[in-house]
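> One structure follows; several queries about it will come next.
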Amino acid sequence: MPANHLVWLFASTFLPASVVTETQPLTHTQRAAIWTGTGIAAAALYLLGCLIFPYSNCTKCAGTGKSRAPQGKAFRNCRRCKGTGRRTRIGRRLIDHHRRNR
């Protein structure tokens, strides 16, 4: 899908129909407002997701909490997540930092 169609699609959801028509191209200011609004909405949804689901799987052990010993026969606790299999998401770290430093 060409970029103009994506801009028109986003614009049609945020701007009144009188501003956005297929025959009238968007101005630079309108495009910037659309992309800025879309970015802010995406960031807000990500932070809301971080509030609801603060943890994700550890990338080192894939959420198992275990890693193989160097010989490969025994298991050990994962060093990165300390055996929990979870890690705190970046957005949740930002939220926690903001709450601590109000």
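Ligands are numbered from 1 in the order shown, chains are lettered A, B, ... in the order of the structure tokens, and residues start at 1 in each chain.
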Which residues are near A:Cys81? Cut-off 12 Å, only C-alpha atoms, ignore same chain within fewer than 6 positions. Put them as a PyMOL selection string.
chain A and resi 55-67+87-88
> Let me see the file: selected residues, C-alpha atoms, as a PDB file, in the first residue's frame.

```pdb
ATOM      1  CA  TYR A  55       6.695  -9.016  32.618  1.00  0.00           C
ATOM      2  CA  SER A  56       7.769 -10.867  29.504  1.00  0.00           C
ATOM      3  CA  ASN A  57       9.828 -13.989  28.968  1.00  0.00           C
ATOM      4  CA  CYS A  58      13.541 -13.824  29.649  1.00  0.00           C
ATOM      5  CA  THR A  59      15.355 -13.668  26.318  1.00  0.00           C
ATOM      6  CA  LYS A  60      18.310 -15.714  27.535  1.00  0.00           C
ATOM      7  CA  CYS A  61      16.387 -18.794  28.731  1.00  0.00           C
ATOM      8  CA  ALA A  62      13.155 -18.262  26.703  1.00  0.00           C
ATOM      9  CA  GLY A  63      11.100 -18.162  29.908  1.00  0.00           C
ATOM     10  CA  THR A  64      12.139 -21.520  31.325  1.00  0.00           C
ATOM     11  CA  GLY A  65      14.341 -20.108  34.082  1.00  0.00           C
ATOM     12  CA  LYS A  66      16.965 -22.737  33.372  1.00  0.00           C
ATOM     13  CA  SER A  67      20.132 -22.886  31.356  1.00  0.00           C
ATOM     14  CA  ARG A  87      12.047  -9.987  32.886  1.00  0.00           C
ATOM     15  CA  THR A  88      10.564  -6.552  33.438  1.00  0.00           C
TER      16      THR A  88
END
```
> When DSSP is applied to the backbone of this structure, which of stretch 20-101 of chain A are assigned helix (DSSP H, G or I)? Write them out as a PyMOL selection string.
chain A and resi 28-52+90-100
> Between A:Gly72, A:Gly91, A:Gly37, A:Gly83, which has the minimum distance to A:Pro54 (counting only C-alpha atoms)?
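Checking each of A:Gly72, A:Gly91, A:Gly37, A:Gly83 against A:Pro54, counting only C-alpha atoms, the winner is A:Gly91.
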> Taking into account only C-alpha atoms, which residue in the set A:Gln30, A:Phe53, A:Asn101, A:Ala74 is nearest to A:Arg86?
A:Phe53
> Any idea what's packed within 12 Å of A:Asp96, counting only C-alpha atoms, ignoring anything in its chain fewer than 6 positions away? Could you give it as a list in words?
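Returned residues: Leu47, Cys50, Leu51, Pro54, Thr88, Arg89, Ile90 and Arg102 of chain A.
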> In Å, how far is it from atom CA of A:Thr84 to atom CA of A:Leu45?
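Here the two named atoms are 26.5 Å from each other.
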